[in-house]
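**Q** Structure supplied as query.txt; contents: compact mmCIF, C-alpha atoms.
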```
# COMPACT_ATOMS: atom_id res chain seq x y z
CA MET A 26 65.24 7.74 19.96
CA SER A 27 63.67 8.00 23.40
CA GLU A 28 62.85 11.33 24.99
CA VAL A 29 63.86 9.91 28.38
CA ALA A 30 67.46 10.24 29.52
CA VAL A 31 68.96 8.21 32.36
CA ARG A 32 72.20 9.24 33.99
CA ALA A 33 74.07 8.27 37.10
CA MET A 34 74.75 11.48 38.94
CA GLY A 35 78.19 12.32 40.19
CA PRO A 36 78.90 12.09 43.90
CA VAL A 37 75.94 13.29 46.00
CA GLY A 38 76.22 14.11 49.69
CA MET A 39 73.84 12.14 51.89
CA ILE A 40 73.47 12.14 55.66
CA THR A 41 71.04 9.91 57.51
CA LEU A 42 69.76 11.01 60.91
CA ARG A 43 67.92 8.68 63.28
CA GLY A 44 66.12 9.70 66.44
CA ALA A 45 62.97 11.49 67.56
CA LEU A 46 61.98 13.91 64.80
CA GLU A 47 61.10 16.58 67.36
CA THR A 48 64.76 16.40 68.45
CA LEU A 49 66.28 16.16 64.96
CA ALA A 50 64.19 18.82 63.21
CA PRO A 51 65.41 21.92 65.11
CA ALA A 52 69.04 20.86 64.62
CA VAL A 53 68.50 20.23 60.91
CA GLU A 54 66.83 23.61 60.47
CA ALA A 55 69.56 25.43 62.43
CA VAL A 56 72.37 23.83 60.43
CA THR A 57 70.84 23.56 56.94
CA GLY A 58 67.92 25.97 56.84
CA CYS A 59 65.60 23.10 55.85
CA ALA A 60 62.34 23.02 57.79
CA GLN A 61 61.08 19.71 59.19
CA PRO A 62 59.48 17.78 56.34
CA ALA A 63 56.02 16.35 56.93
CA GLN A 64 55.45 12.62 56.51
CA ARG A 65 56.68 11.39 53.10
CA LEU A 66 57.65 14.93 52.03
CA SER A 67 60.82 16.96 51.65
CA THR A 68 61.87 20.54 52.18
CA GLU A 69 64.62 22.55 50.50
CA ALA A 70 66.90 25.42 51.50
CA ASN A 71 70.32 26.64 50.42
CA GLY A 72 70.78 23.88 47.84
CA ARG A 73 70.05 21.17 50.40
CA ARG A 74 67.08 18.83 50.78
CA ALA A 75 65.72 17.31 54.00
CA MET A 76 63.62 14.21 53.34
CA TRP A 77 61.28 12.33 55.67
CA MET A 78 62.25 8.66 55.44
CA SER A 79 60.41 7.10 58.41
CA PRO A 80 58.91 8.17 61.76
CA ASP A 81 62.42 8.29 63.23
CA GLU A 82 64.62 9.02 60.21
CA LEU A 83 65.53 12.00 58.04
CA MET A 84 67.88 12.04 55.05
CA LEU A 85 69.78 15.15 54.06
CA VAL A 86 70.90 15.51 50.46
CA CYS A 87 73.61 18.07 49.82
CA ASP A 88 76.83 18.71 47.96
CA HIS A 89 79.14 15.70 48.37
CA ALA A 90 82.05 17.72 49.75
CA GLU A 91 79.76 19.45 52.25
CA ALA A 92 78.38 16.27 53.88
CA PRO A 93 81.14 15.57 56.46
CA GLY A 94 81.13 19.18 57.70
CA LEU A 95 77.33 19.27 57.92
CA ALA A 96 77.32 15.99 59.84
CA SER A 97 79.86 17.42 62.30
CA ARG A 98 77.79 20.59 62.77
CA LEU A 99 74.65 18.51 63.28
CA THR A 100 76.43 16.40 65.90
CA ASP A 101 77.50 19.56 67.72
CA GLN A 102 74.00 21.04 67.45
CA LEU A 103 72.39 17.90 68.87
CA GLY A 104 74.83 17.72 71.78
CA ASP A 105 73.87 14.91 74.17
CA ALA A 106 70.53 14.21 72.47
CA PHE A 107 69.84 10.57 71.63
CA ALA A 108 70.44 10.53 67.87
CA THR A 109 72.55 8.85 65.21
CA ILE A 110 74.13 10.79 62.36
CA ALA A 111 75.94 9.00 59.54
CA VAL A 112 77.37 10.21 56.26
CA VAL A 113 76.18 7.61 53.75
CA SER A 114 77.23 9.39 50.56
CA ASP A 115 79.52 6.61 49.38
CA ALA A 116 77.05 3.82 50.22
CA ARG A 117 74.36 5.09 47.85
CA ILE A 118 74.01 6.30 44.29
CA VAL A 119 71.49 8.64 42.70
CA PHE A 120 70.19 8.34 39.14
CA GLU A 121 68.38 11.13 37.31
CA LEU A 122 65.66 10.59 34.73
CA THR A 123 64.63 13.47 32.51
CA GLY A 124 62.13 13.77 29.72
CA PRO A 125 58.37 13.54 29.32
CA GLY A 126 58.19 9.74 29.64
CA SER A 127 60.23 9.50 32.86
CA ALA A 128 57.29 8.82 35.17
CA SER A 129 55.95 6.12 32.83
CA ALA A 130 59.35 4.42 32.70
CA LEU A 131 59.56 4.46 36.51
CA ALA A 132 55.97 3.26 36.86
CA SER A 133 56.89 0.12 34.92
CA LEU A 134 59.42 -0.72 37.66
CA MET A 135 57.73 0.49 40.86
CA PRO A 136 54.33 0.05 42.52
CA VAL A 137 53.78 3.82 42.68
CA ASP A 138 50.96 5.99 41.32
CA PHE A 139 53.13 8.75 39.90
CA ALA A 140 50.14 10.87 38.87
CA ARG A 141 49.20 11.29 42.54
CA LEU A 142 52.63 12.13 43.96
CA ASP A 143 52.99 15.56 45.47
CA PRO A 144 55.88 17.54 43.90
CA SER A 145 57.75 17.50 47.22
CA GLU A 146 56.95 13.87 48.04
CA VAL A 147 59.64 11.28 48.73
CA ARG A 148 58.67 7.66 48.27
CA ARG A 149 60.53 4.65 49.58
CA THR A 150 59.60 1.70 47.44
CA ARG A 151 60.93 -1.26 45.53
CA MET A 152 62.36 -1.05 42.04
CA ALA A 153 62.04 -4.61 40.77
CA GLN A 154 64.11 -6.56 43.33
CA ILE A 155 65.83 -3.69 45.15
CA PRO A 156 64.85 -0.98 47.64
CA ALA A 157 64.88 2.54 46.23
CA ALA A 158 63.73 6.05 47.07
CA ILE A 159 62.36 8.49 44.52
CA TRP A 160 61.67 12.21 44.45
CA ARG A 161 61.40 15.09 41.99
CA GLU A 162 63.95 17.79 41.36
CA GLY A 163 62.15 20.29 39.17
CA THR A 164 60.97 18.32 36.14
CA ALA A 165 63.46 15.48 36.69
CA TRP A 166 63.08 12.36 38.81
CA ARG A 167 65.78 11.18 41.20
CA VAL A 168 66.18 7.52 42.15
CA MET A 169 68.41 6.61 45.09
CA CYS A 170 69.57 3.08 45.80
CA PHE A 171 72.48 1.26 47.39
CA ARG A 172 75.72 1.56 45.44
CA SER A 173 76.19 -2.22 45.71
CA VAL A 174 73.29 -2.69 43.25
CA ALA A 175 74.10 0.29 41.02
CA HIS A 176 74.77 -1.75 37.87
CA TYR A 177 71.52 -3.67 38.27
CA ALA A 178 69.57 -0.46 38.98
CA GLU A 179 71.02 1.31 35.96
CA ALA A 180 70.20 -1.66 33.71
CA LEU A 181 66.63 -1.66 35.05
CA LEU A 182 66.21 2.06 34.43
CA ARG A 183 67.71 1.94 30.94
CA GLY A 184 65.60 -1.13 30.09
CA ALA A 185 62.43 0.67 31.14
CA VAL A 186 63.04 3.54 28.73
CA PRO A 187 61.27 3.06 25.38
CA ALA A 188 63.67 2.78 22.45
```
Written as structure tokens, how would this file's structure read?
**A**
Amino acid sequence: MSEVAVRAMGPVGMITLRGALETLAPAVEAVTGCAQPAQRLSTEANGRRAMWMSPDELMLVCDHAEAPGLASRLTDQLGDAFATIAVVSDARIVFELTGPGSASALASLMPVDFARLDPSEVRRTRMAQIPAAIWREGTAWRVMCFRSVAHYAEALLRGAVPA
């Protein structure tokens, strides 16, 4: 039996923010406590994670029930600033891989050098034919993809785990 476990996580709160990072970052820190993440990294505070996704995009990961309220507070905090805030919790799914062979299983699906990833790094990549994002939570790996391809993603992940 494999030492790697794959599970689809329950509902996860996700908020995407688009705009100038110098505008978004102070609002994110004021509302969540998460400092601005550097390029391709993430920061954590109060059970929430702020992830750098692109030069004009951050993703907040939080408790599912908390996402709408956080998005509202972020909107208030940003005021008239040019920014877009969207709760995307129901449009995406997160899988968790645990066990000592998790990085090897993921490496068989993604063009990523897992040995060189910083513990707080977030990587947008491809997992076979679909876009995905990966990051670490402690010793586990998290894989986020669109919910519309969840069955395919889960089959890929389970197929990559040695029997």
**Q** Work out how far atom CA of A:Leu142 is from atom CA of A:Gly38, in Å to one decimal.
**A**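 Going from atom CA of A:Gly38 over to atom CA of A:Leu142 covers 24.4 Å.
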**Q** Identify the residues within 6 Å of coordinate (76.4, 1.9, 46.7) (same frame as the file), considering all atoms listed in the file, and give the answer as a list in words.
**A** Ala116, Arg117, Ile118, Phe171, Arg172 and Ser173 of chain A
**Q** Which one of A:Val53, A:Leu103, A:Ala33, A:Leu182 sits closest to A:Phe120 if you count all atoms listed in the file?
**A**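 Between A:Val53, A:Leu103, A:Ala33, A:Leu182, the residue approaching A:Phe120 most closely is A:Ala33.
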**Q** Just how far from atom CA of A:Gly163 is atom CA of A:Leu95, in Å to one decimal?
**A**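 So the answer is 24.1 Å.
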**Q** Between A:Met78, A:Val37, A:Val168, A:Met152, which one has atoms that come closest to A:Val113, using only C-alpha atoms?
**A**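 The answer is A:Val37, which sits nearest to A:Val113.
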**Q** Stretch 32-174 of chain A from the block above, C-alpha atoms, as a short mmCIF file (atom, residue, chain, number, x, y, z; two decimals), in the first residue's frame, please?
**A**
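This is the output file decode36.cif:
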```cif
data_model
loop_
_atom_site.label_atom_id
_atom_site.label_comp_id
_atom_site.auth_asym_id
_atom_site.auth_seq_id
_atom_site.Cartn_x
_atom_site.Cartn_y
_atom_site.Cartn_z
CA ARG A 32 -7.93 13.57 -0.65
CA ALA A 33 -10.24 16.23 -1.98
CA MET A 34 -10.53 18.80 0.76
CA GLY A 35 -13.87 20.05 1.92
CA PRO A 36 -14.98 23.53 0.93
CA VAL A 37 -12.07 26.01 0.99
CA GLY A 38 -12.56 29.78 0.92
CA MET A 39 -10.79 31.51 -1.95
CA ILE A 40 -10.79 35.17 -2.94
CA THR A 41 -8.98 36.50 -5.98
CA LEU A 42 -7.87 40.13 -6.01
CA ARG A 43 -6.71 41.91 -9.16
CA GLY A 44 -5.07 45.31 -9.30
CA ALA A 45 -1.79 47.01 -8.49
CA LEU A 46 -0.13 45.02 -5.70
CA GLU A 47 0.95 48.23 -3.96
CA THR A 48 -2.77 49.04 -3.70
CA LEU A 49 -3.97 45.54 -2.78
CA ALA A 50 -1.29 44.65 -0.22
CA PRO A 51 -2.13 47.22 2.49
CA ALA A 52 -5.82 46.29 2.31
CA VAL A 53 -5.03 42.57 2.51
CA GLU A 54 -2.77 43.10 5.51
CA ALA A 55 -5.32 45.32 7.29
CA VAL A 56 -8.16 42.84 6.80
CA THR A 57 -6.36 39.48 7.09
CA GLY A 58 -3.07 40.16 8.85
CA CYS A 59 -1.20 38.58 5.91
CA ALA A 60 1.79 40.59 4.73
CA GLN A 61 2.31 41.15 1.01
CA PRO A 62 3.82 37.99 -0.44
CA ALA A 63 6.91 38.36 -2.61
CA GLN A 64 6.86 37.03 -6.17
CA ARG A 65 5.78 33.35 -6.26
CA LEU A 66 5.55 33.18 -2.46
CA SER A 67 2.82 33.19 0.18
CA THR A 68 2.37 34.57 3.66
CA GLU A 69 0.18 33.33 6.50
CA ALA A 70 -1.64 34.91 9.43
CA ASN A 71 -4.68 34.02 11.51
CA GLY A 72 -5.36 30.78 9.61
CA ARG A 73 -5.36 32.59 6.27
CA ARG A 74 -2.89 32.51 3.38
CA ALA A 75 -2.14 35.29 0.88
CA MET A 76 -0.56 33.96 -2.31
CA TRP A 77 1.19 35.85 -5.11
CA MET A 78 -0.38 34.63 -8.35
CA SER A 79 0.86 37.18 -10.92
CA PRO A 80 2.18 40.77 -11.01
CA ASP A 81 -1.38 42.04 -10.57
CA GLU A 82 -3.11 39.20 -8.72
CA LEU A 83 -3.27 37.83 -5.19
CA MET A 84 -5.27 34.83 -3.96
CA LEU A 85 -6.50 34.58 -0.40
CA VAL A 86 -7.18 31.15 1.04
CA CYS A 87 -9.33 31.06 4.15
CA ASP A 88 -12.19 29.26 5.83
CA HIS A 89 -15.02 28.76 3.32
CA ALA A 90 -17.66 30.47 5.46
CA GLU A 91 -15.36 33.44 6.06
CA ALA A 92 -14.72 34.27 2.36
CA PRO A 93 -17.80 36.43 1.61
CA GLY A 94 -17.28 38.56 4.73
CA LEU A 95 -13.57 38.98 4.03
CA ALA A 96 -14.31 40.00 0.44
CA SER A 97 -16.79 42.61 1.69
CA ARG A 98 -14.26 43.99 4.19
CA LEU A 99 -11.59 44.11 1.48
CA THR A 100 -13.96 45.99 -0.82
CA ASP A 101 -14.64 48.51 1.95
CA GLN A 102 -10.92 48.81 2.75
CA LEU A 103 -10.03 49.46 -0.90
CA GLY A 104 -12.74 52.09 -1.31
CA ASP A 105 -12.52 53.72 -4.74
CA ALA A 106 -9.20 52.06 -5.64
CA PHE A 107 -9.08 50.36 -9.03
CA ALA A 108 -9.31 46.68 -8.04
CA THR A 109 -11.41 43.58 -8.58
CA ILE A 110 -12.33 41.25 -5.74
CA ALA A 111 -14.14 37.98 -6.40
CA VAL A 112 -15.01 35.05 -4.17
CA VAL A 113 -14.05 32.01 -6.26
CA SER A 114 -14.46 29.34 -3.58
CA ASP A 115 -17.07 27.37 -5.50
CA ALA A 116 -15.22 27.58 -8.83
CA ARG A 117 -12.12 25.77 -7.57
CA ILE A 118 -11.22 22.66 -5.62
CA VAL A 119 -8.19 21.86 -3.49
CA PHE A 120 -6.63 18.41 -3.15
CA GLU A 121 -4.19 17.46 -0.41
CA LEU A 122 -1.36 14.97 -0.81
CA THR A 123 0.37 13.63 2.27
CA GLY A 124 3.14 11.13 2.75
CA PRO A 125 6.83 10.88 1.91
CA GLY A 126 6.31 10.22 -1.82
CA SER A 127 3.96 13.15 -2.44
CA ALA A 128 6.49 15.36 -4.22
CA SER A 129 7.56 12.48 -6.47
CA ALA A 130 3.95 11.74 -7.40
CA LEU A 131 3.37 15.42 -8.25
CA ALA A 132 6.65 15.62 -10.17
CA SER A 133 5.40 12.90 -12.50
CA LEU A 134 2.50 15.20 -13.48
CA MET A 135 4.05 18.68 -13.44
CA PRO A 136 7.15 20.35 -14.91
CA VAL A 137 8.33 21.50 -11.48
CA ASP A 138 11.60 20.89 -9.63
CA PHE A 139 10.09 20.12 -6.24
CA ALA A 140 13.49 19.82 -4.55
CA ARG A 141 14.13 23.53 -5.22
CA LEU A 142 10.77 24.93 -4.11
CA ASP A 143 10.87 27.26 -1.15
CA PRO A 144 8.53 26.10 1.67
CA SER A 145 6.37 29.20 1.19
CA GLU A 146 6.44 29.10 -2.62
CA VAL A 147 3.29 28.96 -4.73
CA ARG A 148 3.65 27.63 -8.25
CA ARG A 149 1.18 28.03 -11.07
CA THR A 150 1.79 25.25 -13.53
CA ARG A 151 0.17 22.57 -15.62
CA MET A 152 -0.86 19.19 -14.30
CA ALA A 153 -1.04 17.06 -17.43
CA GLN A 154 -3.66 18.92 -19.51
CA ILE A 155 -5.02 21.33 -16.90
CA PRO A 156 -3.84 24.48 -15.12
CA ALA A 157 -3.12 24.03 -11.42
CA ALA A 158 -1.47 25.80 -8.51
CA ILE A 159 0.55 24.04 -5.83
CA TRP A 160 1.88 24.96 -2.42
CA ARG A 161 2.88 23.35 0.88
CA GLU A 162 0.91 23.31 4.08
CA GLY A 163 3.33 21.94 6.65
CA THR A 164 4.44 18.56 5.29
CA ALA A 165 1.45 18.23 2.94
CA TRP A 166 1.08 19.50 -0.63
CA ARG A 167 -2.01 21.36 -1.81
CA VAL A 168 -3.13 21.31 -5.44
CA MET A 169 -5.76 23.80 -6.59
CA CYS A 170 -7.58 23.51 -9.90
CA PHE A 171 -10.90 24.43 -11.45
CA ARG A 172 -13.84 22.46 -10.07
CA SER A 173 -14.97 21.72 -13.64
CA VAL A 174 -11.98 19.38 -14.05
#
```
